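To be precise, the following lines are target.cif, and they hold mmCIF, C-alpha atoms; chains and numbers go by the auth columns.
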data_model
loop_
_atom_site.group_PDB
_atom_site.id
_atom_site.type_symbol
_atom_site.label_atom_id
_atom_site.label_comp_id
_atom_site.label_asym_id
_atom_site.label_seq_id
_atom_site.Cartn_x
_atom_site.Cartn_y
_atom_site.Cartn_z
_atom_site.B_iso_or_equiv
_atom_site.auth_seq_id
_atom_site.auth_asym_id
ATOM 1 C CA MET A 1 -46.837 8.997 -33.383 0.00 1 M
ATOM 2 C CA GLN A 2 -45.801 9.401 -29.795 0.00 2 M
ATOM 3 C CA LYS A 3 -42.358 8.055 -28.970 0.00 3 M
ATOM 4 C CA ASN A 4 -43.064 5.326 -26.423 0.00 4 M
ATOM 5 C CA GLU A 5 -46.808 5.128 -26.268 0.00 5 M
ATOM 6 C CA GLY A 6 -47.696 4.154 -29.857 0.00 6 M
ATOM 7 C CA PHE A 7 -50.514 5.540 -31.977 0.00 7 M
ATOM 8 C CA THR A 8 -53.516 7.421 -30.693 0.00 8 M
ATOM 9 C CA THR A 9 -56.823 6.476 -32.290 0.00 9 M
ATOM 10 C CA GLY A 10 -56.621 9.470 -34.637 0.00 10 M
ATOM 11 C CA GLU A 11 -53.057 8.690 -35.668 0.00 11 M
ATOM 12 C CA PHE A 12 -53.972 5.017 -36.054 0.00 12 M
ATOM 13 C CA THR A 13 -56.851 5.812 -38.418 0.00 13 M
ATOM 14 C CA GLN A 14 -54.584 8.043 -40.509 0.00 14 M
ATOM 15 C CA GLU A 15 -51.942 5.301 -40.730 0.00 15 M
ATOM 16 C CA CYS A 16 -54.547 2.732 -41.779 0.00 16 M
ATOM 17 C CA GLY A 17 -56.622 4.981 -44.056 0.00 17 M
ATOM 18 C CA THR A 18 -59.849 4.335 -42.185 0.00 18 M
ATOM 19 C CA THR A 19 -62.214 6.078 -39.781 0.00 19 M
ATOM 20 C CA VAL A 20 -62.516 6.173 -35.997 0.00 20 M
ATOM 21 C CA ARG A 21 -65.979 4.661 -36.350 0.00 21 M
ATOM 22 C CA ALA A 22 -64.561 1.699 -38.314 0.00 22 M
ATOM 23 C CA VAL A 23 -61.880 1.133 -35.669 0.00 23 M
ATOM 24 C CA GLN A 24 -64.529 1.180 -32.927 0.00 24 M
ATOM 25 C CA TYR A 25 -66.691 -1.214 -34.933 0.00 25 M
ATOM 26 C CA TYR A 26 -63.827 -3.677 -35.452 0.00 26 M
ATOM 27 C CA ASP A 27 -63.035 -3.420 -31.726 0.00 27 M
ATOM 28 C CA ASN A 28 -66.683 -4.169 -30.798 0.00 28 M
ATOM 29 C CA LYS A 29 -66.640 -7.220 -33.106 0.00 29 M
ATOM 30 C CA GLY A 30 -63.500 -8.556 -31.423 0.00 30 M
ATOM 31 C CA LEU A 31 -61.275 -8.121 -34.463 0.00 31 M
ATOM 32 C CA LEU A 32 -59.016 -5.403 -33.090 0.00 32 M
ATOM 33 C CA SER A 33 -57.995 -4.442 -29.595 0.00 33 M
ATOM 34 C CA PRO A 34 -55.753 -1.598 -28.592 0.00 34 M
ATOM 35 C CA SER A 35 -52.303 -2.625 -27.391 0.00 35 M
ATOM 36 C CA GLY A 36 -52.662 -0.412 -24.369 0.00 36 M
ATOM 37 C CA TRP A 37 -54.288 2.528 -22.700 0.00 37 M
ATOM 38 C CA THR A 38 -53.034 5.945 -21.669 0.00 38 M
ATOM 39 C CA GLU A 39 -53.321 7.154 -18.090 0.00 39 M
ATOM 40 C CA GLY A 40 -56.303 9.182 -19.255 0.00 40 M
ATOM 41 C CA GLY A 41 -58.078 6.045 -20.526 0.00 41 M
ATOM 42 C CA ARG A 42 -57.453 6.586 -24.237 0.00 42 M
ATOM 43 C CA ARG A 43 -56.621 3.715 -26.568 0.00 43 M
ATOM 44 C CA VAL A 44 -53.066 3.229 -27.823 0.00 44 M
ATOM 45 C CA TYR A 45 -52.224 1.114 -30.871 0.00 45 M
ATOM 46 C CA SER A 46 -48.901 -0.415 -31.903 0.00 46 M
ATOM 47 C CA LYS A 47 -47.268 -0.844 -35.298 0.00 47 M
ATOM 48 C CA LYS A 48 -48.423 -4.496 -35.177 0.00 48 M
ATOM 49 C CA ASP A 49 -52.005 -3.247 -34.710 0.00 49 M
ATOM 50 C CA VAL A 50 -51.565 -1.037 -37.800 0.00 50 M
ATOM 51 C CA GLU A 51 -50.399 -4.048 -39.838 0.00 51 M
ATOM 52 C CA GLN A 52 -53.322 -6.156 -38.611 0.00 52 M
ATOM 53 C CA MET A 53 -55.843 -3.416 -39.420 0.00 53 M
ATOM 54 C CA ARG A 54 -54.400 -2.945 -42.905 0.00 54 M
ATOM 55 C CA PHE A 55 -54.591 -6.723 -43.430 0.00 55 M
ATOM 56 C CA MET A 56 -58.227 -6.771 -42.307 0.00 56 M
ATOM 57 C CA LEU A 57 -59.099 -3.817 -44.551 0.00 57 M
ATOM 58 C CA MET A 58 -57.454 -5.557 -47.506 0.00 58 M
ATOM 59 C CA LEU A 59 -59.476 -8.729 -46.869 0.00 59 M
ATOM 60 C CA LYS A 60 -62.631 -6.650 -46.512 0.00 60 M
ATOM 61 C CA SER A 61 -61.903 -4.932 -49.845 0.00 61 M
ATOM 62 C CA LEU A 62 -61.655 -8.401 -51.456 0.00 62 M
ATOM 63 C CA GLY A 63 -65.213 -9.066 -50.327 0.00 63 M
ATOM 64 C CA LEU A 64 -64.613 -11.235 -47.284 0.00 64 M
ATOM 65 C CA GLY A 65 -67.046 -10.806 -44.414 0.00 65 M
ATOM 66 C CA LEU A 66 -66.046 -9.943 -40.873 0.00 66 M
ATOM 67 C CA THR A 67 -66.816 -13.494 -39.674 0.00 67 M
ATOM 68 C CA GLN A 68 -64.475 -14.883 -42.326 0.00 68 M
ATOM 69 C CA ILE A 69 -61.791 -12.329 -41.430 0.00 69 M
ATOM 70 C CA LYS A 70 -62.095 -13.230 -37.744 0.00 70 M
ATOM 71 C CA GLY A 71 -61.743 -16.914 -38.670 0.00 71 M
ATOM 72 C CA VAL A 72 -58.539 -16.174 -40.564 0.00 72 M
ATOM 73 C CA LEU A 73 -57.101 -14.090 -37.717 0.00 73 M
ATOM 74 C CA ASP A 74 -57.989 -16.605 -35.001 0.00 74 M
ATOM 75 C CA SER A 75 -56.711 -19.677 -36.842 0.00 75 M
ATOM 76 C CA PRO A 76 -53.252 -21.172 -36.392 0.00 76 M
ATOM 77 C CA HIS A 77 -53.557 -22.202 -40.077 0.00 77 M
ATOM 78 C CA ARG A 78 -54.063 -18.665 -41.325 0.00 78 M
ATOM 79 C CA GLU A 79 -52.570 -19.168 -44.808 0.00 79 M
ATOM 80 C CA ALA A 80 -54.507 -22.358 -45.584 0.00 80 M
ATOM 81 C CA ILE A 81 -57.815 -20.871 -44.457 0.00 81 M
ATOM 82 C CA LEU A 82 -57.135 -17.650 -46.341 0.00 82 M
ATOM 83 C CA CYS A 83 -56.338 -19.586 -49.534 0.00 83 M
ATOM 84 C CA ALA A 84 -59.562 -21.589 -49.202 0.00 84 M
ATOM 85 C CA LEU A 85 -61.614 -18.437 -48.610 0.00 85 M
ATOM 86 C CA LEU A 86 -59.982 -16.653 -51.550 0.00 86 M
ATOM 87 C CA ASP A 87 -60.640 -19.645 -53.835 0.00 87 M
ATOM 88 C CA GLU A 88 -64.272 -19.650 -52.714 0.00 88 M
ATOM 89 C CA LYS A 89 -64.532 -15.888 -53.319 0.00 89 M
ATOM 90 C CA LYS A 90 -62.938 -16.258 -56.759 0.00 90 M
ATOM 91 C CA LYS A 91 -65.470 -18.950 -57.695 0.00 91 M
ATOM 92 C CA SER A 92 -68.325 -16.791 -56.434 0.00 92 M
ATOM 93 C CA LEU A 93 -67.106 -13.776 -58.416 0.00 93 M
ATOM 94 C CA SER A 94 -66.711 -15.912 -61.561 0.00 94 M
ATOM 95 C CA GLU A 95 -70.320 -17.054 -61.197 0.00 95 M
ATOM 96 C CA GLU A 96 -71.400 -13.431 -60.761 0.00 96 M
ATOM 97 C CA ILE A 97 -69.546 -12.509 -63.951 0.00 97 M
ATOM 98 C CA VAL A 98 -71.400 -15.234 -65.876 0.00 98 M
ATOM 99 C CA SER A 99 -74.701 -13.997 -64.465 0.00 99 M
ATOM 100 C CA ILE A 100 -73.894 -10.396 -65.360 0.00 100 M
ATOM 101 C CA LYS A 101 -72.911 -11.413 -68.906 0.00 101 M
ATOM 102 C CA GLU A 102 -76.247 -13.215 -69.272 0.00 102 M
ATOM 103 C CA ARG A 103 -78.093 -10.118 -68.104 0.00 103 M
ATOM 104 C CA LEU A 104 -76.096 -7.967 -70.537 0.00 104 M
ATOM 105 C CA ALA A 105 -77.030 -10.352 -73.358 0.00 105 M
ATOM 106 C CA ALA A 106 -80.690 -10.087 -72.321 0.00 106 M
ATOM 107 C CA ILE A 107 -80.442 -6.294 -72.393 0.00 107 M
ATOM 108 C CA GLU A 108 -78.904 -6.411 -75.868 0.00 108 M
ATOM 109 C CA ALA A 109 -81.646 -8.781 -77.080 0.00 109 M
ATOM 110 C CA LEU A 110 -84.346 -6.496 -75.705 0.00 110 M
ATOM 111 C CA ARG A 111 -82.675 -3.458 -77.282 0.00 111 M
ATOM 112 C CA ALA A 112 -82.464 -5.304 -80.606 0.00 112 M
ATOM 113 C CA GLY A 113 -86.148 -6.211 -80.355 0.00 113 M
ATOM 114 C CA LEU A 114 -86.993 -2.612 -79.594 0.00 114 M
ATOM 115 C CA ALA A 115 -84.928 -1.396 -82.553 0.00 115 M
ATOM 116 C CA SER A 116 -86.389 -4.010 -84.923 0.00 116 M
ATOM 117 C CA PHE A 117 -90.034 -3.982 -83.915 0.00 117 M
ATOM 118 C CA GLY A 118 -90.437 -0.588 -82.219 0.00 118 M
ATOM 119 C CA LYS A 119 -91.583 -2.196 -79.004 0.00 119 M
ATOM 120 C CA ILE A 120 -90.222 -4.370 -76.250 0.00 120 M
ATOM 121 C CA ILE A 121 -91.072 -8.010 -76.684 0.00 121 M
ATOM 122 C CA ALA A 122 -91.052 -10.104 -73.506 0.00 122 M
ATOM 123 C CA ILE A 123 -89.157 -13.333 -74.038 0.00 123 M
ATOM 124 C CA ASP A 124 -87.945 -16.089 -71.765 0.00 124 M
ATOM 125 C CA LYS A 125 -84.340 -17.230 -71.414 0.00 125 M
ATOM 126 C CA SER A 126 -84.529 -20.136 -73.857 0.00 126 M
ATOM 127 C CA SER A 127 -86.157 -18.127 -76.641 0.00 127 M
ATOM 128 C CA MET A 128 -83.737 -15.269 -75.962 0.00 128 M
ATOM 129 C CA ALA A 129 -80.802 -17.686 -76.371 0.00 129 M
ATOM 130 C CA ALA A 130 -82.336 -19.032 -79.596 0.00 130 M
ATOM 131 C CA ARG A 131 -82.860 -15.498 -80.874 0.00 131 M
ATOM 132 C CA MET A 132 -79.244 -14.610 -80.120 0.00 132 M
ATOM 133 C CA GLU A 133 -78.053 -17.761 -81.906 0.00 133 M
ATOM 134 C CA ASP A 134 -80.335 -16.911 -84.841 0.00 134 M
ATOM 135 C CA SER A 135 -78.921 -13.411 -85.058 0.00 135 M
ATOM 136 C CA ASN A 136 -75.357 -14.791 -84.936 0.00 136 M
ATOM 137 C CA ALA A 137 -76.221 -17.328 -87.661 0.00 137 M
ATOM 138 C CA ARG A 138 -77.891 -14.571 -89.685 0.00 138 M
ATOM 139 C CA ARG A 139 -74.753 -12.413 -89.422 0.00 139 M
ATOM 140 C CA LYS A 140 -72.559 -15.306 -90.592 0.00 140 M
ATOM 141 C CA TRP A 141 -74.932 -15.996 -93.489 0.00 141 M
ATOM 142 C CA ILE A 142 -74.919 -12.313 -94.518 0.00 142 M
ATOM 143 C CA VAL A 143 -71.110 -12.144 -94.382 0.00 143 M
ATOM 144 C CA THR A 144 -70.886 -15.342 -96.459 0.00 144 M
ATOM 145 C CA MET A 145 -73.348 -13.982 -99.071 0.00 145 M
ATOM 146 C CA ILE A 146 -71.472 -10.687 -99.303 0.00 146 M
ATOM 147 C CA GLY A 147 -68.199 -12.593 -99.788 0.00 147 M
ATOM 148 C CA ILE A 148 -69.711 -14.745 -102.522 0.00 148 M
ATOM 149 C CA GLY A 149 -71.232 -11.653 -104.136 0.00 149 M
ATOM 150 C CA ILE A 150 -67.875 -9.897 -104.194 0.00 150 M
ATOM 151 C CA LEU A 151 -66.243 -12.946 -105.801 0.00 151 M
ATOM 152 C CA MET A 152 -69.023 -13.173 -108.415 0.00 152 M
ATOM 153 C CA ASP A 153 -68.723 -9.444 -109.182 0.00 153 M
ATOM 154 C CA ALA A 154 -64.945 -9.799 -109.529 0.00 154 M
ATOM 155 C CA ALA A 155 -65.447 -12.737 -111.933 0.00 155 M
ATOM 156 C CA TRP A 156 -68.032 -10.803 -113.952 0.00 156 M
ATOM 157 C CA VAL A 157 -65.789 -7.706 -114.186 0.00 157 M
ATOM 158 C CA GLY A 158 -62.851 -9.936 -115.135 0.00 158 M
ATOM 159 C CA MET A 159 -64.856 -11.556 -117.923 0.00 159 M
ATOM 160 C CA LEU A 160 -66.016 -8.132 -119.128 0.00 160 M
ATOM 161 C CA VAL A 161 -62.425 -6.845 -119.254 0.00 161 M
ATOM 162 C CA LEU A 162 -61.304 -10.025 -121.018 0.00 162 M
ATOM 163 C CA GLY A 163 -64.131 -9.669 -123.547 0.00 163 M
ATOM 164 C CA ILE A 164 -63.209 -6.049 -124.260 0.00 164 M
ATOM 165 C CA GLN A 165 -59.527 -6.870 -124.687 0.00 165 M
ATOM 166 C CA THR A 166 -60.115 -9.843 -126.969 0.00 166 M
ATOM 167 C CA GLY A 167 -63.019 -8.306 -128.792 0.00 167 M
ATOM 168 C CA VAL A 168 -65.175 -11.381 -128.216 0.00 168 M
ATOM 169 C CA TRP A 169 -68.610 -10.425 -127.062 0.00 169 M
#
Please render this file's structure as structure tokens.
Amino acid sequence: MQKNEGFTTGEFTQECGTTVRAVQYYDNKGLLSPSGWTEGGRRVYSKKDVEQMRFMLMLKSLGLGLTQIKGVLDSPHREAILCALLDEKKKSLSEEIVSIKERLAAIEALRAGLASFGKIIAIDKSSMAARMEDSNARRKWIVTMIGIGILMDAAWVGMLVLGIQTGVW
């Protein structure tokens, strides 16, 4: 960093962890302007510019678009708008998670069909959901039957031991 002049574009990109091309792009979109110019016509950025660029990069990494970022920067109610945008993004991401989980369940159902029948069986969402519920019910039924079987075996072995000890057959 130069003493009185601020950051050159190269120094600015190093401070912010971005590229010259990104800085130029943000400048063209009206999101970032240099604080000044050198006598040679080169851009000079201040520490405040570094903070703003880091803020914009953080918002971008959270999935906000440049139009949304510009709205936050230009608004006198920056915090309120940012909170609303973040809530909206959180809701959107939650919906994506649900969608991804449904697709994962569909993949598992198709894999199970392939393992069981040796071929892929095309099914719609409702029959896939029913099949998944059936397989969950089947697992519960199997676990219950195994539990009952273990209890019956324990009772039978207990009676056998009792019969041997008492001599009553």
- Query: Evaluating the PyMOL selection byres ((chain M and resi 31-41) around 10) on the displayed file yields which residues, as a count of residues only?
  - Reply: 32
- Note on the structure: Students should find that atom CA of M:Ile146 and atom CA of M:Leu110 are spaced 27.2 Å
- So how far away is atom CA of M:Ser94 from atom CA of M:Phe55, in Å? 23.7 Å
- Calculate how many Å separate atom CA of M:Ala106 from atom CA of M:Leu93, rounding to one decimal. 19.8 Å
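With all atoms listed in the file as the atoms that count, the residue of M:Ile107, M:Val98, M:Leu62, M:Ala155 with the shortest distance to M:Leu86 is M:Leu62.
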- Given the file above and the PyMOL selection byres ((chain M and resi 82) around 10), which residues are selected, and can you give them as a list in words? Leu59, Leu64, Gln68, Ile69, Gly71, Val72, Leu73, Ser75, His77, Arg78, Glu79, Ala80, Ile81, Cys83, Ala84, Leu85, Leu86, Asp87 and Glu88 of chain M
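Proximity to M:Lys89 was assessed for M:Arg138, M:Arg21, M:Lys60, M:Arg54 counting all atoms listed in the file; the smallest distance is recorded for M:Lys60.
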Let me have the centre and edge lengths of the axis-aligned box enclosing all listed atoms of stretch 95-102 of chain M with 4 Å padding on every side, in Å to one decimal, as JSON.
{"center_x": -72.9, "center_y": -13.7, "center_z": -65.0, "size_x": 14.7, "size_y": 14.7, "size_z": 16.5}
